[in-house]
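Raw contents of input.txt, compact mmCIF, N, CA and C atoms:
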# COMPACT_ATOMS: atom_id res chain seq x y z
N MET A 1 -23.65 -6.36 3.02
CA MET A 1 -22.70 -6.50 4.10
C MET A 1 -21.30 -6.18 3.57
N ILE A 2 -20.56 -5.37 4.32
CA ILE A 2 -19.19 -5.04 3.96
C ILE A 2 -18.26 -5.86 4.84
N VAL A 3 -17.35 -6.56 4.21
CA VAL A 3 -16.38 -7.36 4.93
C VAL A 3 -15.12 -6.53 5.08
N GLU A 4 -14.56 -6.47 6.26
CA GLU A 4 -13.29 -5.78 6.47
C GLU A 4 -12.16 -6.69 6.00
N TYR A 5 -11.41 -6.25 5.06
CA TYR A 5 -10.26 -7.00 4.58
C TYR A 5 -9.04 -6.50 5.32
N ALA A 6 -8.54 -7.30 6.24
CA ALA A 6 -7.46 -6.89 7.12
C ALA A 6 -6.22 -6.45 6.35
N GLY A 7 -5.92 -7.11 5.25
CA GLY A 7 -4.75 -6.74 4.45
C GLY A 7 -4.86 -5.34 3.90
N ILE A 8 -6.05 -4.98 3.43
CA ILE A 8 -6.27 -3.63 2.91
C ILE A 8 -6.20 -2.61 4.04
N VAL A 9 -6.84 -2.91 5.15
CA VAL A 9 -6.82 -1.99 6.29
C VAL A 9 -5.38 -1.76 6.75
N ALA A 10 -4.59 -2.84 6.83
CA ALA A 10 -3.20 -2.71 7.25
C ALA A 10 -2.39 -1.89 6.25
N ALA A 11 -2.61 -2.12 4.95
CA ALA A 11 -1.88 -1.38 3.93
C ALA A 11 -2.24 0.10 3.96
N ILE A 12 -3.50 0.42 4.14
CA ILE A 12 -3.91 1.83 4.20
C ILE A 12 -3.31 2.49 5.44
N SER A 13 -3.28 1.78 6.54
CA SER A 13 -2.68 2.32 7.75
C SER A 13 -1.19 2.60 7.54
N LEU A 14 -0.50 1.66 6.89
CA LEU A 14 0.92 1.87 6.59
C LEU A 14 1.12 3.05 5.66
N LEU A 15 0.28 3.15 4.66
CA LEU A 15 0.38 4.25 3.71
C LEU A 15 0.18 5.58 4.41
N SER A 16 -0.84 5.64 5.24
CA SER A 16 -1.11 6.87 5.98
C SER A 16 0.06 7.23 6.88
N ALA A 17 0.60 6.25 7.59
CA ALA A 17 1.74 6.50 8.47
C ALA A 17 2.94 6.98 7.69
N THR A 18 3.16 6.40 6.52
CA THR A 18 4.30 6.79 5.69
C THR A 18 4.15 8.23 5.22
N LEU A 19 2.99 8.56 4.71
CA LEU A 19 2.80 9.89 4.14
C LEU A 19 2.74 10.99 5.18
N THR A 20 2.51 10.64 6.43
CA THR A 20 2.50 11.64 7.48
C THR A 20 3.82 11.66 8.23
N GLY A 21 4.80 10.91 7.76
CA GLY A 21 6.14 11.02 8.29
C GLY A 21 6.60 9.96 9.27
N ALA A 22 5.81 8.96 9.53
CA ALA A 22 6.18 7.97 10.53
C ALA A 22 7.38 7.12 10.12
N TYR A 23 7.61 6.92 8.83
CA TYR A 23 8.71 6.07 8.38
C TYR A 23 9.83 6.83 7.70
N GLY A 24 9.82 8.11 7.77
CA GLY A 24 10.89 8.87 7.15
C GLY A 24 10.53 10.33 7.00
N ASN A 25 11.54 11.16 6.97
CA ASN A 25 11.31 12.59 6.91
C ASN A 25 11.06 13.09 5.49
N ASN A 26 11.59 12.44 4.49
CA ASN A 26 11.48 12.94 3.13
C ASN A 26 10.53 12.08 2.31
N VAL A 27 9.24 12.33 2.49
CA VAL A 27 8.21 11.55 1.81
C VAL A 27 8.29 11.71 0.30
N ALA A 28 8.61 12.91 -0.15
CA ALA A 28 8.70 13.15 -1.59
C ALA A 28 9.72 12.22 -2.23
N ALA A 29 10.82 11.96 -1.55
CA ALA A 29 11.85 11.07 -2.09
C ALA A 29 11.33 9.65 -2.25
N VAL A 30 10.47 9.21 -1.34
CA VAL A 30 9.90 7.86 -1.42
C VAL A 30 9.13 7.69 -2.72
N PHE A 31 8.42 8.74 -3.12
CA PHE A 31 7.60 8.66 -4.33
C PHE A 31 8.38 9.03 -5.59
N ALA A 32 9.56 9.60 -5.44
CA ALA A 32 10.33 10.03 -6.61
C ALA A 32 11.52 9.12 -6.91
N SER A 33 12.02 8.43 -5.90
CA SER A 33 13.25 7.67 -6.05
C SER A 33 13.05 6.21 -5.67
N GLY A 34 13.52 5.33 -6.53
CA GLY A 34 13.43 3.91 -6.25
C GLY A 34 14.21 3.52 -5.01
N GLY A 35 15.40 4.09 -4.82
CA GLY A 35 16.21 3.76 -3.65
C GLY A 35 15.53 4.16 -2.35
N ALA A 36 14.96 5.35 -2.33
CA ALA A 36 14.25 5.80 -1.12
C ALA A 36 13.01 4.96 -0.88
N GLY A 37 12.34 4.58 -1.94
CA GLY A 37 11.14 3.74 -1.82
C GLY A 37 11.47 2.37 -1.26
N ILE A 38 12.55 1.78 -1.72
CA ILE A 38 12.96 0.47 -1.21
C ILE A 38 13.35 0.57 0.26
N SER A 39 14.06 1.62 0.60
CA SER A 39 14.47 1.82 2.00
C SER A 39 13.25 1.98 2.90
N ALA A 40 12.29 2.79 2.49
CA ALA A 40 11.07 3.00 3.28
C ALA A 40 10.24 1.73 3.36
N THR A 41 10.24 0.96 2.28
CA THR A 41 9.53 -0.32 2.27
C THR A 41 10.12 -1.26 3.31
N ALA A 42 11.44 -1.33 3.36
CA ALA A 42 12.11 -2.19 4.34
C ALA A 42 11.77 -1.75 5.77
N LYS A 43 11.77 -0.44 6.02
CA LYS A 43 11.43 0.07 7.36
C LYS A 43 9.99 -0.29 7.73
N ALA A 44 9.08 -0.13 6.78
CA ALA A 44 7.67 -0.46 7.04
C ALA A 44 7.51 -1.95 7.32
N ALA A 45 8.22 -2.79 6.58
CA ALA A 45 8.14 -4.24 6.78
C ALA A 45 8.66 -4.62 8.16
N LYS A 46 9.79 -4.05 8.54
CA LYS A 46 10.36 -4.35 9.86
C LYS A 46 9.40 -3.90 10.97
N ALA A 47 8.77 -2.75 10.79
CA ALA A 47 7.83 -2.24 11.79
C ALA A 47 6.63 -3.17 11.94
N GLN A 48 6.27 -3.86 10.86
CA GLN A 48 5.14 -4.79 10.89
C GLN A 48 5.57 -6.23 11.16
N LYS A 49 6.87 -6.41 11.40
CA LYS A 49 7.43 -7.74 11.66
C LYS A 49 7.18 -8.71 10.49
N VAL A 50 7.42 -8.17 9.30
CA VAL A 50 7.30 -8.91 8.05
C VAL A 50 8.69 -8.88 7.40
N SER A 51 9.01 -9.86 6.60
CA SER A 51 10.31 -9.94 5.95
C SER A 51 10.62 -8.69 5.13
N ALA A 52 11.70 -8.00 5.50
CA ALA A 52 12.13 -6.83 4.74
C ALA A 52 12.62 -7.24 3.35
N THR A 53 13.27 -8.40 3.28
CA THR A 53 13.74 -8.91 1.99
C THR A 53 12.57 -9.18 1.06
N GLY A 54 11.52 -9.79 1.60
CA GLY A 54 10.32 -10.06 0.79
C GLY A 54 9.65 -8.77 0.35
N ALA A 55 9.61 -7.78 1.22
CA ALA A 55 9.00 -6.50 0.88
C ALA A 55 9.78 -5.79 -0.22
N LYS A 56 11.11 -5.84 -0.12
CA LYS A 56 11.95 -5.23 -1.16
C LYS A 56 11.74 -5.94 -2.50
N ALA A 57 11.61 -7.27 -2.44
CA ALA A 57 11.36 -8.04 -3.67
C ALA A 57 10.01 -7.66 -4.27
N ALA A 58 9.02 -7.44 -3.41
CA ALA A 58 7.70 -7.02 -3.90
C ALA A 58 7.81 -5.67 -4.59
N TYR A 59 8.56 -4.75 -4.00
CA TYR A 59 8.77 -3.43 -4.62
C TYR A 59 9.39 -3.60 -6.00
N THR A 60 10.41 -4.42 -6.07
CA THR A 60 11.14 -4.60 -7.33
C THR A 60 10.27 -5.22 -8.42
N ARG A 61 9.42 -6.16 -8.06
CA ARG A 61 8.61 -6.85 -9.08
C ARG A 61 7.26 -6.16 -9.36
N ALA A 62 6.98 -5.08 -8.65
CA ALA A 62 5.71 -4.38 -8.86
C ALA A 62 5.55 -4.02 -10.33
N PRO A 63 4.34 -4.22 -10.87
CA PRO A 63 4.12 -4.00 -12.31
C PRO A 63 3.87 -2.54 -12.68
N TYR A 64 4.68 -1.64 -12.14
CA TYR A 64 4.52 -0.20 -12.38
C TYR A 64 5.87 0.42 -12.69
N ARG A 65 5.84 1.55 -13.37
CA ARG A 65 7.07 2.28 -13.66
C ARG A 65 7.31 3.37 -12.62
N LYS A 66 6.24 4.00 -12.13
CA LYS A 66 6.39 5.08 -11.17
C LYS A 66 6.78 4.54 -9.80
N PRO A 67 7.81 5.11 -9.19
CA PRO A 67 8.22 4.66 -7.85
C PRO A 67 7.08 4.73 -6.82
N GLY A 68 6.23 5.72 -6.93
CA GLY A 68 5.12 5.85 -5.98
C GLY A 68 4.18 4.66 -6.03
N LEU A 69 3.85 4.22 -7.22
CA LEU A 69 2.95 3.06 -7.35
C LEU A 69 3.65 1.77 -6.94
N LYS A 70 4.95 1.68 -7.21
CA LYS A 70 5.71 0.51 -6.75
C LYS A 70 5.68 0.44 -5.22
N TYR A 71 5.81 1.60 -4.60
CA TYR A 71 5.81 1.67 -3.15
C TYR A 71 4.44 1.26 -2.59
N LEU A 72 3.39 1.74 -3.21
CA LEU A 72 2.04 1.37 -2.79
C LEU A 72 1.81 -0.13 -2.93
N TYR A 73 2.28 -0.69 -4.02
CA TYR A 73 2.18 -2.14 -4.24
C TYR A 73 2.90 -2.89 -3.11
N ALA A 74 4.11 -2.44 -2.77
CA ALA A 74 4.88 -3.09 -1.71
C ALA A 74 4.16 -2.98 -0.36
N LEU A 75 3.54 -1.83 -0.08
CA LEU A 75 2.78 -1.69 1.16
C LEU A 75 1.60 -2.65 1.17
N GLY A 76 0.97 -2.84 0.02
CA GLY A 76 -0.10 -3.83 -0.08
C GLY A 76 0.42 -5.22 0.21
N TRP A 77 1.59 -5.54 -0.32
CA TRP A 77 2.20 -6.85 -0.06
C TRP A 77 2.44 -7.04 1.43
N ILE A 78 2.95 -6.00 2.09
CA ILE A 78 3.19 -6.07 3.53
C ILE A 78 1.87 -6.31 4.27
N GLY A 79 0.84 -5.56 3.91
CA GLY A 79 -0.47 -5.75 4.55
C GLY A 79 -1.04 -7.13 4.32
N GLY A 80 -0.88 -7.66 3.11
CA GLY A 80 -1.36 -9.00 2.81
C GLY A 80 -0.58 -10.07 3.54
N THR A 81 0.74 -9.90 3.60
CA THR A 81 1.60 -10.86 4.29
C THR A 81 1.29 -10.88 5.78
N LYS A 82 1.03 -9.73 6.33
CA LYS A 82 0.72 -9.62 7.75
C LYS A 82 -0.60 -10.30 8.09
N ASN A 83 -1.49 -10.45 7.10
CA ASN A 83 -2.83 -10.99 7.33
C ASN A 83 -3.13 -12.15 6.38
N LEU A 84 -2.25 -13.11 6.33
CA LEU A 84 -2.39 -14.24 5.40
C LEU A 84 -3.66 -15.07 5.64
N THR A 85 -4.21 -15.03 6.84
CA THR A 85 -5.41 -15.82 7.12
C THR A 85 -6.62 -15.34 6.33
N GLN A 86 -6.56 -14.12 5.78
CA GLN A 86 -7.69 -13.58 5.03
C GLN A 86 -7.50 -13.72 3.51
N CYS A 87 -6.53 -14.49 3.09
CA CYS A 87 -6.24 -14.58 1.66
C CYS A 87 -7.38 -15.16 0.83
N GLY A 88 -8.13 -16.08 1.38
CA GLY A 88 -9.25 -16.65 0.61
C GLY A 88 -10.23 -15.58 0.19
N LEU A 89 -10.60 -14.71 1.10
CA LEU A 89 -11.52 -13.61 0.78
C LEU A 89 -10.88 -12.65 -0.22
N THR A 90 -9.61 -12.39 -0.03
CA THR A 90 -8.90 -11.46 -0.89
C THR A 90 -8.91 -11.91 -2.34
N LEU A 91 -8.62 -13.18 -2.55
CA LEU A 91 -8.54 -13.70 -3.91
C LEU A 91 -9.90 -13.79 -4.59
N LEU A 92 -10.96 -13.92 -3.80
CA LEU A 92 -12.31 -14.04 -4.36
C LEU A 92 -12.94 -12.71 -4.75
N ALA A 93 -12.50 -11.63 -4.13
CA ALA A 93 -13.20 -10.36 -4.36
C ALA A 93 -12.25 -9.16 -4.48
N PRO A 94 -11.32 -9.18 -5.46
CA PRO A 94 -10.41 -8.03 -5.57
C PRO A 94 -11.13 -6.71 -5.91
N GLY A 95 -12.23 -6.78 -6.65
CA GLY A 95 -12.98 -5.56 -6.97
C GLY A 95 -13.58 -4.92 -5.73
N VAL A 96 -14.11 -5.75 -4.86
CA VAL A 96 -14.67 -5.25 -3.60
C VAL A 96 -13.55 -4.67 -2.75
N MET A 97 -12.41 -5.33 -2.76
CA MET A 97 -11.26 -4.82 -2.01
C MET A 97 -10.82 -3.46 -2.51
N LYS A 98 -10.83 -3.28 -3.84
CA LYS A 98 -10.42 -1.98 -4.39
C LYS A 98 -11.39 -0.90 -3.95
N ASP A 99 -12.68 -1.20 -3.97
CA ASP A 99 -13.67 -0.23 -3.51
C ASP A 99 -13.44 0.13 -2.05
N GLN A 100 -13.15 -0.88 -1.23
CA GLN A 100 -12.91 -0.64 0.18
C GLN A 100 -11.64 0.20 0.37
N ALA A 101 -10.61 -0.10 -0.41
CA ALA A 101 -9.36 0.67 -0.32
C ALA A 101 -9.60 2.13 -0.70
N GLU A 102 -10.36 2.35 -1.76
CA GLU A 102 -10.67 3.72 -2.17
C GLU A 102 -11.42 4.46 -1.07
N GLN A 103 -12.38 3.80 -0.46
CA GLN A 103 -13.14 4.42 0.64
C GLN A 103 -12.22 4.75 1.80
N GLY A 104 -11.36 3.83 2.15
CA GLY A 104 -10.42 4.05 3.25
C GLY A 104 -9.47 5.19 2.97
N ILE A 105 -8.98 5.27 1.75
CA ILE A 105 -8.07 6.36 1.36
C ILE A 105 -8.81 7.70 1.40
N ARG A 106 -10.01 7.72 0.85
CA ARG A 106 -10.78 8.98 0.80
C ARG A 106 -11.15 9.51 2.18
N LYS A 107 -11.26 8.63 3.17
CA LYS A 107 -11.60 9.05 4.53
C LYS A 107 -10.47 9.87 5.17
N ASN A 108 -9.28 9.70 4.66
CA ASN A 108 -8.12 10.38 5.23
C ASN A 108 -7.73 11.55 4.33
N LYS A 109 -8.13 12.75 4.70
CA LYS A 109 -7.88 13.94 3.87
C LYS A 109 -6.39 14.21 3.68
N LYS A 110 -5.60 14.00 4.72
CA LYS A 110 -4.15 14.20 4.58
C LYS A 110 -3.58 13.25 3.54
N LEU A 111 -4.06 12.03 3.57
CA LEU A 111 -3.59 11.03 2.63
C LEU A 111 -3.97 11.39 1.20
N THR A 112 -5.21 11.79 0.97
CA THR A 112 -5.62 12.14 -0.38
C THR A 112 -4.86 13.38 -0.88
N THR A 113 -4.57 14.30 0.01
CA THR A 113 -3.80 15.49 -0.36
C THR A 113 -2.39 15.10 -0.78
N GLN A 114 -1.75 14.22 -0.01
CA GLN A 114 -0.40 13.78 -0.34
C GLN A 114 -0.36 13.03 -1.67
N LEU A 115 -1.35 12.18 -1.90
CA LEU A 115 -1.40 11.46 -3.18
C LEU A 115 -1.58 12.43 -4.34
N LYS A 116 -2.45 13.40 -4.17
CA LYS A 116 -2.71 14.38 -5.22
C LYS A 116 -1.43 15.16 -5.55
N ARG A 117 -0.68 15.52 -4.53
CA ARG A 117 0.59 16.24 -4.74
C ARG A 117 1.56 15.43 -5.58
N ARG A 118 1.43 14.12 -5.51
CA ARG A 118 2.32 13.25 -6.24
C ARG A 118 1.70 12.70 -7.53
N SER A 119 0.58 13.31 -7.93
CA SER A 119 -0.12 12.94 -9.17
C SER A 119 -0.51 11.47 -9.20
N ILE A 120 -0.97 10.96 -8.07
CA ILE A 120 -1.46 9.59 -7.99
C ILE A 120 -2.92 9.66 -7.60
N SER A 121 -3.78 9.15 -8.46
CA SER A 121 -5.22 9.17 -8.18
C SER A 121 -5.55 8.18 -7.09
N VAL A 122 -6.67 8.40 -6.44
CA VAL A 122 -7.13 7.48 -5.40
C VAL A 122 -7.35 6.09 -6.01
N GLY A 123 -7.93 6.04 -7.20
CA GLY A 123 -8.16 4.76 -7.87
C GLY A 123 -6.87 4.01 -8.17
N SER A 124 -5.86 4.74 -8.64
CA SER A 124 -4.57 4.12 -8.92
C SER A 124 -3.90 3.63 -7.64
N ALA A 125 -3.98 4.44 -6.59
CA ALA A 125 -3.39 4.06 -5.30
C ALA A 125 -4.07 2.81 -4.77
N ALA A 126 -5.39 2.80 -4.81
CA ALA A 126 -6.15 1.64 -4.32
C ALA A 126 -5.83 0.41 -5.15
N GLY A 127 -5.75 0.57 -6.45
CA GLY A 127 -5.43 -0.56 -7.32
C GLY A 127 -4.06 -1.15 -7.03
N ALA A 128 -3.08 -0.29 -6.81
CA ALA A 128 -1.73 -0.77 -6.50
C ALA A 128 -1.71 -1.49 -5.15
N LEU A 129 -2.40 -0.93 -4.17
CA LEU A 129 -2.45 -1.58 -2.86
C LEU A 129 -3.09 -2.97 -2.96
N VAL A 130 -4.20 -3.05 -3.67
CA VAL A 130 -4.91 -4.33 -3.80
C VAL A 130 -4.05 -5.35 -4.55
N LYS A 131 -3.41 -4.93 -5.62
CA LYS A 131 -2.53 -5.86 -6.36
C LYS A 131 -1.41 -6.37 -5.47
N GLY A 132 -0.91 -5.50 -4.60
CA GLY A 132 0.13 -5.93 -3.67
C GLY A 132 -0.39 -6.95 -2.68
N VAL A 133 -1.59 -6.71 -2.13
CA VAL A 133 -2.19 -7.66 -1.19
C VAL A 133 -2.41 -8.99 -1.88
N VAL A 134 -2.97 -8.96 -3.08
CA VAL A 134 -3.23 -10.18 -3.83
C VAL A 134 -1.93 -10.94 -4.12
N SER A 135 -0.86 -10.20 -4.42
CA SER A 135 0.42 -10.87 -4.70
C SER A 135 0.95 -11.60 -3.47
N ALA A 136 0.66 -11.08 -2.28
CA ALA A 136 1.10 -11.75 -1.06
C ALA A 136 0.31 -13.04 -0.85
N CYS A 137 -0.91 -13.05 -1.34
CA CYS A 137 -1.78 -14.21 -1.13
C CYS A 137 -1.64 -15.28 -2.21
N ALA A 138 -1.09 -14.91 -3.32
CA ALA A 138 -0.99 -15.84 -4.45
C ALA A 138 0.02 -16.93 -4.22
Rewrite the structure of this file - the entire thing - as structure tokens.
Amino acid sequence: MIVEYAGIVAAISLLSATLTGAYGNNVAAVFASGGAGISATAKAAKAQKVSATGAKAAYTRAPYRKPGLKYLYALGWIGGTKNLTQCGLTLLAPGVMKDQAEQGIRKNKKLTTQLKRRSISVGSAAGALVKGVVSACA
């Protein structure tokens, strides 16, 4: 049985929307620049009715050096914060969540293409999203 983890689904939806232009015209800047990433993170948080300040803090504390992975982590945090009722499941099965995130990312060809252009593997993207969701639940 596969359990739908709402935080992961929300984060993947946000990621897809971001990479297809819903939160800004210059997607490359989001993945290349910390300032652009923080700005896009705040916009995504506001769109999801989640604290923009908390989302920016998640971006800043993300355990990555690349702005793209920091941004993915922050999107995971937004997805987790938006779905706090599912935190028990999230904390019990992060490996299953990563598999589900990878599957969700791979289903979206535009998304995988955009990640590839930015030298971010599907596994790395999924891992950053899951760590972000888990950080919201911790």
> Quick one: residues within 7 Å of region 35-51 of chain A, all atoms listed in the file counted, chain neighbours fewer than 3 positions away excluded, as number ranges by chain?
Replying inline: A: 23-24, 29-32, 54-56, 59, 67, 71, 74-75, 78, 81-82
Atoms to include: N, CA and C atoms. Write the selected residues as a compact mmCIF listing (two decimals), in the coordinates of the input.
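Here's the written file out-v6.txt:
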# COMPACT_ATOMS: atom_id res chain seq x y z
N TYR A 23 7.61 6.92 8.83
CA TYR A 23 8.71 6.07 8.38
C TYR A 23 9.83 6.83 7.70
N GLY A 24 9.82 8.11 7.77
CA GLY A 24 10.89 8.87 7.15
C GLY A 24 10.53 10.33 7.00
N ALA A 29 10.82 11.96 -1.55
CA ALA A 29 11.85 11.07 -2.09
C ALA A 29 11.33 9.65 -2.25
N VAL A 30 10.47 9.21 -1.34
CA VAL A 30 9.90 7.86 -1.42
C VAL A 30 9.13 7.69 -2.72
N PHE A 31 8.42 8.74 -3.12
CA PHE A 31 7.60 8.66 -4.33
C PHE A 31 8.38 9.03 -5.59
N ALA A 32 9.56 9.60 -5.44
CA ALA A 32 10.33 10.03 -6.61
C ALA A 32 11.52 9.12 -6.91
N GLY A 54 11.52 -9.79 1.60
CA GLY A 54 10.32 -10.06 0.79
C GLY A 54 9.65 -8.77 0.35
N ALA A 55 9.61 -7.78 1.22
CA ALA A 55 9.00 -6.50 0.88
C ALA A 55 9.78 -5.79 -0.22
N LYS A 56 11.11 -5.84 -0.12
CA LYS A 56 11.95 -5.23 -1.16
C LYS A 56 11.74 -5.94 -2.50
N TYR A 59 8.56 -4.75 -4.00
CA TYR A 59 8.77 -3.43 -4.62
C TYR A 59 9.39 -3.60 -6.00
N PRO A 67 7.81 5.11 -9.19
CA PRO A 67 8.22 4.66 -7.85
C PRO A 67 7.08 4.73 -6.82
N TYR A 71 5.81 1.60 -4.60
CA TYR A 71 5.81 1.67 -3.15
C TYR A 71 4.44 1.26 -2.59
N ALA A 74 4.11 -2.44 -2.77
CA ALA A 74 4.88 -3.09 -1.71
C ALA A 74 4.16 -2.98 -0.36
N LEU A 75 3.54 -1.83 -0.08
CA LEU A 75 2.78 -1.69 1.16
C LEU A 75 1.60 -2.65 1.17
N ILE A 78 2.95 -6.00 2.09
CA ILE A 78 3.19 -6.07 3.53
C ILE A 78 1.87 -6.31 4.27
N THR A 81 0.74 -9.90 3.60
CA THR A 81 1.60 -10.86 4.29
C THR A 81 1.29 -10.88 5.78
N LYS A 82 1.03 -9.73 6.33
CA LYS A 82 0.72 -9.62 7.75
C LYS A 82 -0.60 -10.30 8.09
>> I'd like to know which of A:Ala11, A:Ile120, A:Ala126, A:Ala62 is closest to Gln103 (chain A), using only N, CA and C atoms.
In response: A:Ala126
Kindly provide, as AutoDock Vina command-line options, the centre and edge lengths (Å, one decimal) of an axis-aligned box around all atoms of region 50-64 of chain A given in the file, with 3 Å on each side.
--center_x 8.8 --center_y -4.8 --center_z -1.7 --size_x 15.9 --size_y 16.5 --size_z 28.0
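With distances restricted to only C-alpha atoms, A:Leu84 is the closest residue to Val133 (chain A) from A:Val96, A:Ala57, A:Leu84, A:Leu111.
Residue nearest Cys137 (chain A), chosen from A:Gly80, A:Ser119, A:Arg65, A:Ala125 and counting all atoms listed in the file: A:Gly80.
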> Smallest atom-to-atom distance to Val122 (chain A): which of A:Glu102, A:Ser135, A:Ala93, A:Thr85, using only N, CA and C atoms?
Replying inline: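 Result for the nearest residue to Val122 (chain A): A:Glu102.
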> By how many Å are CA of Leu92 (chain A) and CA of Ser121 (chain A) apart?
Replying inline: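 Here the two named atoms are 24.6 Å from each other.
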